[in-house]
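Peer 1: For reference, the file work09.cif (mmCIF, C-alpha atoms and all ligand atoms) is included below:
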```cif
data_my_file
loop_
_atom_site.label_atom_id
_atom_site.label_comp_id
_atom_site.auth_asym_id
_atom_site.auth_seq_id
_atom_site.Cartn_x
_atom_site.Cartn_y
_atom_site.Cartn_z
CA MET M 24 2.42 -21.46 35.83
CA ARG M 25 -0.02 -20.45 33.11
CA SER M 26 0.88 -21.91 29.73
CA PRO M 27 1.64 -19.20 27.19
CA GLU M 28 -0.92 -18.33 24.55
CA THR M 29 -0.84 -20.18 21.24
CA ILE M 30 1.04 -18.35 18.52
CA ARG M 31 -1.16 -18.51 15.45
CA LEU M 32 -0.02 -18.96 11.87
CA SER M 33 -2.14 -16.07 10.69
CA GLY M 34 -3.81 -13.16 12.41
CA VAL M 35 -6.82 -11.46 10.88
CA HIS M 36 -7.20 -7.90 12.08
CA VAL M 37 -10.04 -5.70 10.85
CA SER M 38 -9.45 -2.04 11.69
CA GLU M 39 -11.96 0.48 13.03
CA GLU M 40 -11.64 2.27 9.70
CA SER M 41 -12.92 -0.90 7.95
CA GLU M 42 -15.79 -1.15 10.45
CA ARG M 43 -16.70 2.48 9.76
CA LEU M 44 -16.63 2.01 5.97
CA VAL M 45 -18.67 -1.23 6.11
CA LEU M 46 -21.29 0.52 8.25
CA ALA M 47 -21.39 3.42 5.78
CA VAL M 48 -22.06 0.93 2.95
CA LEU M 49 -24.77 -0.87 4.93
CA ARG M 50 -26.49 2.45 5.64
CA SER M 51 -26.10 3.73 2.07
CA GLY M 52 -28.67 1.33 0.66
CA HIS M 53 -26.14 0.30 -2.01
CA ILE M 54 -24.52 -2.94 -0.94
CA ALA M 55 -23.79 -4.73 -4.26
CA GLN M 56 -20.98 -3.65 -6.65
CA GLY M 57 -20.75 0.14 -6.62
CA PRO M 58 -18.50 3.04 -5.59
CA MET M 59 -16.55 1.10 -2.91
CA VAL M 60 -15.57 -1.58 -5.45
CA GLU M 61 -14.42 1.20 -7.75
CA ARG M 62 -12.34 2.71 -4.91
CA LEU M 63 -10.74 -0.64 -4.18
CA GLU M 64 -9.94 -1.07 -7.88
CA GLY M 65 -8.29 2.37 -7.90
CA GLY M 66 -6.19 1.32 -4.91
CA PHE M 67 -5.00 -1.87 -6.59
CA ALA M 68 -4.18 -0.10 -9.86
CA ALA M 69 -2.04 2.33 -7.82
CA LEU M 70 -0.41 -0.52 -5.87
CA CYS M 71 0.56 -2.35 -9.06
CA GLY M 72 1.19 0.69 -11.22
CA THR M 73 -1.26 -0.62 -13.82
CA ARG M 74 -3.77 1.27 -15.96
CA HIS M 75 -6.61 -1.01 -14.83
CA ALA M 76 -7.80 -3.10 -11.91
CA VAL M 77 -10.99 -5.18 -12.05
CA ALA M 78 -12.53 -6.67 -8.90
CA VAL M 79 -14.14 -10.12 -8.97
CA THR M 80 -15.70 -12.62 -6.56
CA ASN M 81 -12.53 -14.43 -5.48
CA GLY M 82 -8.98 -15.25 -6.49
CA THR M 83 -9.90 -18.44 -8.33
CA ILE M 84 -12.39 -16.49 -10.46
CA ALA M 85 -9.66 -13.90 -11.12
CA LEU M 86 -7.50 -16.66 -12.66
CA VAL M 87 -10.43 -18.07 -14.66
CA ALA M 88 -11.44 -14.62 -15.93
CA ALA M 89 -7.84 -13.76 -16.90
CA LEU M 90 -7.60 -16.89 -19.05
CA GLN M 91 -11.07 -16.31 -20.55
CA ALA M 92 -10.23 -12.69 -21.37
CA LEU M 93 -7.10 -13.89 -23.18
CA GLY M 94 -9.26 -16.31 -25.20
CA VAL M 95 -7.71 -19.46 -23.69
CA GLY M 96 -9.78 -22.61 -24.22
CA PRO M 97 -9.69 -26.28 -25.22
CA GLY M 98 -6.50 -27.32 -27.01
CA ASP M 99 -4.49 -24.47 -25.47
CA GLU M 100 -1.79 -25.13 -22.89
CA VAL M 101 -0.93 -23.16 -19.78
CA VAL M 102 2.47 -23.65 -18.10
CA THR M 103 2.38 -23.28 -14.33
CA SER M 104 3.96 -24.41 -11.07
CA PRO M 105 3.22 -27.85 -9.64
CA PHE M 106 3.83 -26.42 -6.16
CA THR M 107 0.72 -24.33 -5.57
CA PHE M 108 -2.77 -24.23 -4.15
CA VAL M 109 -5.23 -26.25 -6.22
CA ALA M 110 -7.05 -23.09 -7.39
CA THR M 111 -4.27 -22.44 -9.93
CA LEU M 112 -4.86 -25.81 -11.59
CA ASN M 113 -8.66 -25.71 -11.25
CA ALA M 114 -8.78 -22.34 -13.06
CA ILE M 115 -6.88 -23.77 -16.04
CA LEU M 116 -9.14 -26.84 -16.21
CA GLU M 117 -12.29 -24.72 -15.84
CA CYS M 118 -11.35 -22.88 -19.06
CA GLY M 119 -10.97 -26.18 -20.90
CA ALA M 120 -7.21 -25.67 -21.30
CA THR M 121 -4.45 -28.19 -20.57
CA ALA M 122 -2.02 -27.71 -17.68
CA ARG M 123 1.68 -28.42 -18.07
CA PHE M 124 4.12 -28.02 -15.19
CA ALA M 125 7.52 -26.39 -14.84
CA ASP M 126 9.62 -27.38 -11.82
CA ILE M 127 10.48 -24.98 -9.02
CA ASP M 128 13.78 -23.96 -7.55
CA PRO M 129 13.57 -25.74 -4.16
CA ALA M 130 15.41 -22.89 -2.40
CA THR M 131 12.89 -20.20 -3.40
CA PHE M 132 9.83 -22.42 -4.10
CA VAL M 133 8.97 -20.56 -7.34
CA VAL M 134 9.32 -21.67 -10.96
CA ASP M 135 12.71 -21.79 -12.59
CA PRO M 136 12.65 -19.96 -15.97
CA ALA M 137 14.77 -22.73 -17.52
CA ALA M 138 12.11 -25.28 -16.56
CA VAL M 139 9.40 -22.98 -17.95
CA ALA M 140 11.32 -22.81 -21.24
CA ASP M 141 11.39 -26.64 -21.37
CA ALA M 142 7.62 -26.85 -20.76
CA ILE M 143 6.65 -24.45 -23.56
CA THR M 144 5.19 -26.19 -26.64
CA PRO M 145 3.60 -24.83 -29.84
CA ARG M 146 0.24 -25.07 -28.02
CA THR M 147 1.29 -22.90 -25.08
CA ARG M 148 -0.79 -19.73 -24.83
CA VAL M 149 -0.05 -18.59 -21.28
CA VAL M 150 2.70 -18.85 -18.69
CA MET M 151 1.21 -18.67 -15.21
CA PRO M 152 3.87 -18.26 -12.51
CA VAL M 153 2.73 -18.56 -8.89
CA HIS M 154 4.22 -16.03 -6.46
CA LEU M 155 4.25 -18.58 -3.67
CA TYR M 156 4.53 -17.47 -0.02
CA GLY M 157 4.87 -13.83 -1.14
CA GLN M 158 7.56 -13.76 -3.80
CA ALA M 159 7.66 -13.88 -7.56
CA PRO M 160 10.13 -15.91 -9.61
CA ASP M 161 12.69 -14.22 -11.89
CA MET M 162 10.05 -12.23 -13.82
CA ARG M 163 12.60 -10.68 -16.21
CA GLY M 164 13.48 -14.20 -17.29
CA ILE M 165 9.80 -15.20 -17.57
CA ALA M 166 8.94 -12.02 -19.50
CA ALA M 167 11.81 -12.64 -21.95
CA LEU M 168 10.55 -16.19 -22.56
CA ALA M 169 6.97 -15.01 -22.99
CA SER M 170 7.89 -12.46 -25.61
CA GLU M 171 10.24 -14.87 -27.39
CA HIS M 172 7.44 -17.45 -27.71
CA GLY M 173 4.56 -14.99 -28.15
CA VAL M 174 2.68 -16.20 -25.07
CA ALA M 175 0.86 -14.16 -22.43
CA ILE M 176 1.72 -13.94 -18.72
CA VAL M 177 -0.94 -14.44 -16.04
CA GLU M 178 0.51 -13.96 -12.56
CA ASP M 179 -1.01 -15.95 -9.71
CA ALA M 180 -0.25 -13.22 -7.17
CA ALA M 181 -2.83 -14.49 -4.66
CA GLN M 182 -0.14 -14.55 -1.94
CA ALA M 183 1.96 -11.57 -2.99
CA HIS M 184 0.12 -8.23 -2.60
CA GLY M 185 2.74 -5.48 -2.59
CA ALA M 186 5.69 -7.66 -3.64
CA PHE M 187 8.19 -6.58 -6.31
CA ALA M 188 10.18 -8.46 -8.92
CA ALA M 189 13.28 -6.75 -10.31
CA GLY M 190 11.94 -3.45 -8.96
CA GLU M 191 8.54 -3.74 -10.65
CA PRO M 192 5.32 -4.44 -8.74
CA VAL M 193 3.86 -7.93 -9.11
CA GLY M 194 0.65 -7.81 -11.09
CA SER M 195 2.27 -5.49 -13.68
CA PHE M 196 3.99 -8.14 -15.85
CA GLY M 197 0.86 -9.37 -17.63
CA VAL M 198 -2.52 -9.98 -16.10
CA GLY M 199 -2.17 -9.98 -12.30
CA CYS M 200 -4.54 -12.11 -10.21
CA PHE M 201 -4.94 -11.46 -6.49
CA SER M 202 -7.02 -13.19 -3.82
CA LEU M 203 -8.71 -11.30 -0.99
CA TYR M 204 -9.44 -14.44 1.03
CA ALA M 205 -9.44 -14.13 4.83
CA THR M 206 -5.82 -15.16 5.42
CA LYS M 207 -4.22 -13.27 2.51
CA ASN M 208 -2.11 -10.12 3.01
CA VAL M 209 -5.13 -8.00 1.96
CA THR M 210 -8.55 -9.44 2.71
CA SER M 211 -12.26 -8.86 2.27
CA GLY M 212 -13.25 -12.29 3.60
CA GLU M 213 -13.65 -13.55 0.04
CA GLY M 214 -12.69 -11.50 -2.99
CA GLY M 215 -10.41 -11.21 -5.99
CA MET M 216 -8.71 -8.58 -8.14
CA LEU M 217 -7.19 -8.45 -11.62
CA THR M 218 -4.61 -5.91 -12.76
CA THR M 219 -3.51 -5.13 -16.32
CA ASN M 220 -2.14 -2.44 -18.60
CA ASP M 221 -4.05 -3.88 -21.56
CA ASP M 222 -7.16 -1.80 -22.36
CA VAL M 223 -8.81 -4.60 -24.36
CA VAL M 224 -8.25 -7.23 -21.65
CA ALA M 225 -9.61 -4.87 -18.98
CA ASP M 226 -12.69 -4.10 -21.07
CA THR M 227 -13.30 -7.80 -21.72
CA LEU M 228 -12.96 -8.57 -18.00
CA ARG M 229 -15.57 -5.93 -17.11
CA VAL M 230 -18.03 -7.32 -19.67
CA LEU M 231 -17.38 -10.96 -18.65
CA ARG M 232 -17.89 -10.09 -14.98
CA ASN M 233 -21.31 -8.63 -15.69
CA GLU M 234 -23.04 -11.52 -17.53
CA GLY M 235 -21.51 -10.38 -20.81
CA MET M 236 -23.37 -7.06 -20.67
CA ARG M 237 -21.79 -3.71 -21.45
CA ASP M 238 -25.03 -1.88 -20.78
CA ARG M 239 -28.13 -3.34 -19.22
CA TYR M 240 -29.61 -6.09 -21.43
CA GLN M 241 -27.08 -5.40 -24.17
CA TYR M 242 -25.50 -8.84 -24.28
CA GLU M 243 -22.15 -8.87 -26.09
CA ARG M 244 -20.85 -12.33 -25.28
CA ALA M 245 -21.59 -15.22 -22.95
CA GLY M 246 -20.51 -14.07 -19.50
CA HIS M 247 -21.03 -14.79 -15.84
CA ASN M 248 -21.65 -13.05 -12.55
CA TYR M 249 -18.14 -12.48 -11.18
CA ARG M 250 -18.99 -9.33 -9.20
CA LEU M 251 -17.68 -8.33 -5.76
CA THR M 252 -19.88 -6.40 -3.31
CA ASP M 253 -19.32 -2.94 -1.83
CA VAL M 254 -19.57 -4.50 1.65
CA GLN M 255 -16.52 -6.65 0.92
CA ALA M 256 -14.62 -3.84 -0.80
CA ALA M 257 -15.16 -1.64 2.27
CA ILE M 258 -13.39 -4.20 4.47
CA ALA M 259 -10.32 -4.21 2.21
CA ILE M 260 -9.91 -0.53 1.24
CA PRO M 261 -8.24 0.66 4.48
CA GLN M 262 -5.79 -2.26 4.31
CA LEU M 263 -4.19 -0.86 1.17
CA ALA M 264 -3.05 2.18 3.15
CA THR M 265 -1.34 -0.02 5.76
CA LEU M 266 -0.10 -2.76 3.41
CA ALA M 267 3.45 -1.40 3.05
CA THR M 268 3.83 -1.18 6.85
CA CYS M 269 2.36 -4.66 7.36
CA ASN M 270 4.63 -6.14 4.69
CA GLU M 271 7.61 -4.39 6.32
CA LEU M 272 6.67 -6.01 9.65
CA ARG M 273 6.45 -9.40 7.92
CA ARG M 274 9.90 -8.81 6.40
CA SER M 275 11.44 -7.82 9.74
CA ASN M 276 9.87 -10.87 11.45
CA ALA M 277 11.33 -12.99 8.64
CA ALA M 278 14.76 -11.40 9.12
CA ARG M 279 14.58 -12.17 12.86
CA LEU M 280 13.63 -15.80 12.09
CA ASP M 281 16.50 -16.00 9.55
CA ALA M 282 19.00 -14.72 12.11
CA GLY M 283 17.72 -17.11 14.78
CA LEU M 284 17.45 -20.22 12.62
CA SER M 285 20.03 -20.10 9.84
CA ASP M 286 22.62 -22.19 11.74
CA VAL M 287 20.24 -24.98 12.84
CA PRO M 288 21.35 -28.33 11.42
CA GLY M 289 18.67 -29.99 9.31
CA LEU M 290 16.82 -26.73 8.70
CA ARG M 291 16.95 -24.49 5.61
CA THR M 292 15.61 -20.97 5.85
CA PRO M 293 13.86 -19.53 2.78
CA ALA M 294 15.86 -17.86 0.00
CA VAL M 295 14.84 -14.69 -1.83
CA VAL M 296 15.21 -14.50 -5.62
CA PRO M 297 17.98 -11.91 -6.33
CA GLY M 298 16.46 -8.48 -6.97
CA ASN M 299 13.04 -9.41 -5.58
CA THR M 300 11.12 -8.03 -2.61
CA HIS M 301 9.46 -10.87 -0.70
CA VAL M 302 6.33 -10.01 1.35
CA PHE M 303 6.34 -13.23 3.42
CA HIS M 304 2.72 -14.24 3.21
CA GLN M 305 4.35 -17.36 4.68
CA TYR M 306 7.80 -17.93 6.15
CA THR M 307 8.62 -21.45 5.04
CA VAL M 308 11.59 -23.54 6.11
CA ARG M 309 12.66 -26.95 4.85
CA VAL M 310 13.24 -29.75 7.33
CA THR M 311 15.85 -31.83 5.52
CA ASP M 312 17.10 -35.41 5.90
CA ASP M 313 19.88 -34.10 8.16
CA ALA M 314 17.38 -33.23 10.89
CA HIS M 315 16.82 -35.88 13.56
CA LEU M 316 13.05 -35.23 13.42
CA ASP M 317 10.95 -35.44 10.33
CA ARG M 318 8.80 -32.46 9.28
CA ASP M 319 5.52 -33.84 10.63
CA THR M 320 7.03 -34.75 14.00
CA LEU M 321 8.52 -31.28 14.30
CA ALA M 322 5.10 -29.77 13.50
CA ARG M 323 3.45 -31.88 16.21
CA ARG M 324 6.08 -30.96 18.80
CA LEU M 325 5.71 -27.27 17.98
CA ALA M 326 1.93 -27.57 18.34
CA GLN M 327 2.49 -29.04 21.83
CA ARG M 328 4.56 -25.94 22.62
CA GLY M 329 1.70 -23.71 21.46
CA ILE M 330 3.10 -22.83 18.06
CA GLU M 331 0.86 -23.26 15.05
CA THR M 332 2.55 -24.27 11.78
CA GLY M 333 1.32 -25.17 8.31
CA VAL M 334 2.29 -27.43 5.42
CA TYR M 335 1.74 -25.62 2.11
CA TYR M 336 1.51 -27.99 0.31
CA PRO M 337 1.84 -31.65 1.30
CA ARG M 338 1.86 -32.89 -2.32
CA VAL M 339 2.48 -31.43 -5.75
CA VAL M 340 -0.83 -30.25 -7.13
CA HIS M 341 -1.31 -32.98 -9.76
CA ASP M 342 -0.42 -35.85 -7.40
CA TYR M 343 -4.05 -36.76 -6.65
CA ASP M 344 -6.23 -39.42 -8.30
CA CYS M 345 -8.63 -36.81 -9.71
CA TYR M 346 -5.77 -35.08 -11.59
CA ARG M 347 -3.35 -37.94 -12.33
CA THR M 348 -5.67 -39.35 -14.97
CA HIS M 349 -7.32 -36.07 -15.95
CA PRO M 350 -7.23 -35.60 -19.75
CA GLN M 351 -6.26 -31.91 -19.38
CA VAL M 352 -3.34 -32.54 -17.02
CA VAL M 353 0.09 -33.42 -18.40
CA VAL M 354 1.86 -35.20 -15.55
CA THR M 355 5.60 -34.67 -15.60
CA SER M 356 8.31 -35.38 -13.08
CA THR M 357 9.08 -32.26 -11.07
CA ARG M 358 11.62 -33.35 -8.49
CA GLY M 359 12.26 -29.97 -6.93
CA ALA M 360 8.57 -29.56 -6.12
CA GLU M 361 8.26 -33.14 -4.88
CA ALA M 362 11.19 -32.66 -2.49
CA ALA M 363 9.74 -29.36 -1.27
CA ALA M 364 6.34 -30.98 -0.61
CA ARG M 365 8.04 -33.51 1.70
CA GLU M 366 10.07 -30.93 3.60
CA VAL M 367 8.25 -27.58 3.86
CA LEU M 368 6.96 -26.15 7.12
CA SER M 369 5.57 -22.64 7.47
CA LEU M 370 6.22 -20.83 10.76
CA PRO M 371 4.28 -17.83 12.11
CA VAL M 372 5.50 -14.54 10.53
CA HIS M 373 2.36 -12.32 10.40
CA PRO M 374 2.47 -8.65 11.41
CA GLY M 375 0.50 -9.23 14.62
CA LEU M 376 3.48 -11.02 16.22
CA SER M 377 5.69 -9.30 18.80
CA ALA M 378 9.47 -9.73 18.86
CA ASP M 379 8.92 -11.98 21.91
CA ASP M 380 6.54 -14.17 19.91
CA VAL M 381 9.11 -14.54 17.14
CA ASP M 382 11.80 -15.39 19.71
CA ARG M 383 9.50 -18.04 21.20
CA VAL M 384 9.16 -19.62 17.75
CA ILE M 385 12.95 -19.57 17.30
CA GLU M 386 13.61 -21.06 20.75
CA ALA M 387 11.05 -23.82 20.22
CA VAL M 388 12.43 -24.82 16.82
CA ARG M 389 16.02 -24.68 18.09
CA SER M 390 15.36 -26.86 21.11
CA GLU M 391 13.37 -29.45 19.15
CA LEU M 392 16.09 -29.75 16.52
CA ALA M 393 19.05 -29.55 18.92
CA VAL M 394 21.29 -32.61 18.76
C1 LIG M 401 -5.64 -18.28 -2.23
C2 LIG M 401 -5.05 -18.71 -3.50
C3 LIG M 401 -5.78 -18.77 -4.70
C4 LIG M 401 -7.28 -18.66 -4.76
O1 LIG M 401 -7.85 -17.57 -4.18
P1 LIG M 401 -9.33 -17.65 -3.58
O2 LIG M 401 -9.64 -16.22 -3.29
O3 LIG M 401 -9.27 -18.51 -2.36
O4 LIG M 401 -10.23 -18.22 -4.63
C5 LIG M 401 -5.11 -19.05 -5.87
N1 LIG M 401 -3.79 -19.30 -5.89
C6 LIG M 401 -3.05 -19.28 -4.76
C7 LIG M 401 -1.59 -19.54 -4.85
C8 LIG M 401 -3.66 -19.00 -3.53
O5 LIG M 401 -2.91 -19.00 -2.42
#
```
Take the structure I supplied and represent it as structure tokens, if you would.
Peer 2:
Amino acid sequence: MRSPETIRLSGVHVSEESERLVLAVLRSGHIAQGPMVERLEGGFAALCGTRHAVAVTNGTIALVAALQALGVGPGDEVVTSPFTFVATLNAILECGATARFADIDPATFVVDPAAVADAITPRTRVVMPVHLYGQAPDMRGIAALASEHGVAIVEDAAQAHGAFAAGEPVGSFGVGCFSLYATKNVTSGEGGMLTTNDDVVADTLRVLRNEGMRDRYQYERAGHNYRLTDVQAAIAIPQLATLATCNELRRSNAARLDAGLSDVPGLRTPAVVPGNTHVFHQYTVRVTDDAHLDRDTLARRLAQRGIETGVYYPRVVHDYDCYRTHPQVVVTSTRGAEAAAREVLSLPVHPGLSADDVDRVIEAVRSELAV
């Protein structure tokens, strides 16, 4: 018997429409930032319902540029999640600001507004929630805190293209930062996007992105080259038209996984924040102490059965030597995030999976955890 094909954790599919657009760019003689980037920006502004969208080189740069445009620098504090990809923390440090952490709710993996409130100090300039795995935290709660304390919101929406919080699109609560990296829900290989309703912030971002120039050789401020290319934009543009369908497929795969796995002892399926729409960039379960296998053993056994899984993330972001003693990192105890880091396992949920694939994942997990 032929062993079944490996079920991958992510599936990158580039459509014929993307191929056609990329070829058009290559043949146009205009391959740097130009009309395709502008089209992609228009698409993101429509997706997020914002007045502006500004494309940049990658998602990390989007976070850096957002903080720079808000004037964040040395002495300022940014409150964020300890349970995130390192780019979130690196962006804060790059700006010279200090990072302070608010614990997550271990059922939803996103920051708890009460913990954010506790982490706010007189130096706080920005609250930076991370929409981990495809869902935002309680953004009404975060927005209320931000306005109470007079701080800005920068959303790390790198994993949440097309998600909603309390009926509003993510990326519309402050400055939205998206990644277009290869495995993200919208991709251009590498790329980033900012969204905002603030005319001044948008204008500053455009000047910053272009070496601080408004017009050629009219330098207004110290800037950088944060530009995206038309070649990359052309890859991503057609994906905006299919994003809602792809996210719906992710949600229905997640619902099938929920139904198949919710009664397994030692396993906790992911919770959705009330009122939010989760886009399941990842479908992440927790393997608890009640399971007779630990998380890493389960991952190995699933790999032997041809099922790829991922651990996002094995440690809280500041739990590394290079950050523990970093002068711009305030290390606090965040028990929810620490517990999650020990227990999380992401299972395949991407839109390229068939119902049979999802059932194979369910069967494999069930039989490995059966008592
Ligand atoms: C991917 C990612 C980023 C960084 O995006 P890049 O495009 O890879 O620079 C930032 N934050 C989170 C949560 C991410 O998943």
Peer 1: Within 7 Å of ligand LIG 401 (chain M) (counting only C-alpha atoms and all ligand atoms), which residues show up? I'd like them as an mmCIF file with C-alpha atoms, in the coordinates of the input.
Peer 2:
```cif
data_model
loop_
_atom_site.group_PDB
_atom_site.id
_atom_site.type_symbol
_atom_site.label_atom_id
_atom_site.label_comp_id
_atom_site.auth_asym_id
_atom_site.auth_seq_id
_atom_site.Cartn_x
_atom_site.Cartn_y
_atom_site.Cartn_z
ATOM 1 C CA ASN M 81 -12.530 -14.430 -5.480
ATOM 2 C CA GLY M 82 -8.980 -15.250 -6.490
ATOM 3 C CA THR M 83 -9.900 -18.440 -8.330
ATOM 4 C CA ILE M 84 -12.390 -16.490 -10.460
ATOM 5 C CA THR M 107 0.720 -24.330 -5.570
ATOM 6 C CA PHE M 108 -2.770 -24.230 -4.150
ATOM 7 C CA ALA M 110 -7.050 -23.090 -7.390
ATOM 8 C CA THR M 111 -4.270 -22.440 -9.930
ATOM 9 C CA VAL M 153 2.730 -18.560 -8.890
ATOM 10 C CA HIS M 154 4.220 -16.030 -6.460
ATOM 11 C CA LEU M 155 4.250 -18.580 -3.670
ATOM 12 C CA ASP M 179 -1.010 -15.950 -9.710
ATOM 13 C CA ALA M 180 -0.250 -13.220 -7.170
ATOM 14 C CA ALA M 181 -2.830 -14.490 -4.660
ATOM 15 C CA GLN M 182 -0.140 -14.550 -1.940
ATOM 16 C CA SER M 202 -7.020 -13.190 -3.820
ATOM 17 C CA LEU M 203 -8.710 -11.300 -0.990
ATOM 18 C CA TYR M 204 -9.440 -14.440 1.030
ATOM 19 C CA GLU M 213 -13.650 -13.550 0.040
ATOM 20 C CA GLY M 214 -12.690 -11.500 -2.990
ATOM 21 C CA GLY M 215 -10.410 -11.210 -5.990
#
```
Peer 1: At a cut-off of 8 Å, can you tabulate as a tab-separated table every residue of region 355-389 of chain M near region 304-321 of chain M together with its closest atom pair and the distance in Å to one decimal, using only C-alpha atoms and ordering rows by chain then number?
Peer 2:
```
residue	atom	partner	partner_atom	distance
M:Ala363	CA	M:Arg309	CA	7.2
M:Arg365	CA	M:Arg318	CA	7.7
M:Glu366	CA	M:Arg309	CA	4.9
M:Val367	CA	M:Arg309	CA	4.6
M:Leu368	CA	M:Thr307	CA	5.4
M:Ser369	CA	M:Thr307	CA	4.1
M:Leu370	CA	M:Tyr306	CA	5.7
M:Pro371	CA	M:Tyr306	CA	6.9
M:Val372	CA	M:Tyr306	CA	6.0
M:His373	CA	M:His304	CA	7.5
M:Val388	CA	M:Leu321	CA	8.0
```
Peer 1: Which neighbours of Ala76 (chain M) fall inside 12 Å, counting only C-alpha atoms, when residues of the same chain fewer than 6 positions from it are skipped, and could you give them as JSON, numbers by chain?
Peer 2: {"M": [60, 61, 62, 63, 64, 65, 66, 67, 68, 69, 70, 85, 89, 194, 195, 198, 199, 200, 201, 215, 216, 217, 218, 219, 220, 221, 222, 224, 225, 226, 228, 229]}
Peer 1: Please write out, as JSON, where the centre of an axis-aligned box around all listed atoms of region 174-179 of chain M lies and how long its edges are, in Å to one decimal, after adding 6 Å on each side.
Peer 2:
```
{"center_x": 0.8, "center_y": -15.1, "center_z": -17.4, "size_x": 15.7, "size_y": 14.3, "size_z": 27.4}
```
Peer 1: Quick one: of M:Ala256, M:Cys71, M:Ala92, M:Ile385, who's nearest to Phe196 (chain M), counting all atoms listed in the file?
Peer 2: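 Residue with the minimum atom-to-atom distance to Phe196 (chain M): M:Cys71.
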Peer 1: Could you check which of M:Pro136, M:Gly212, M:Gly190, M:Pro58 is closest to Ala167 (chain M), using only C-alpha atoms?
Peer 2: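 Of M:Pro136, M:Gly212, M:Gly190, M:Pro58, the one nearest Ala167 (chain M) is M:Pro136, counting only C-alpha atoms.
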Peer 1: As an exercise, work out the distance from CA of Glu178 (chain M) to CA of Val87 (chain M) in Å and give it to one decimal place.
Peer 2: 11.9 Å
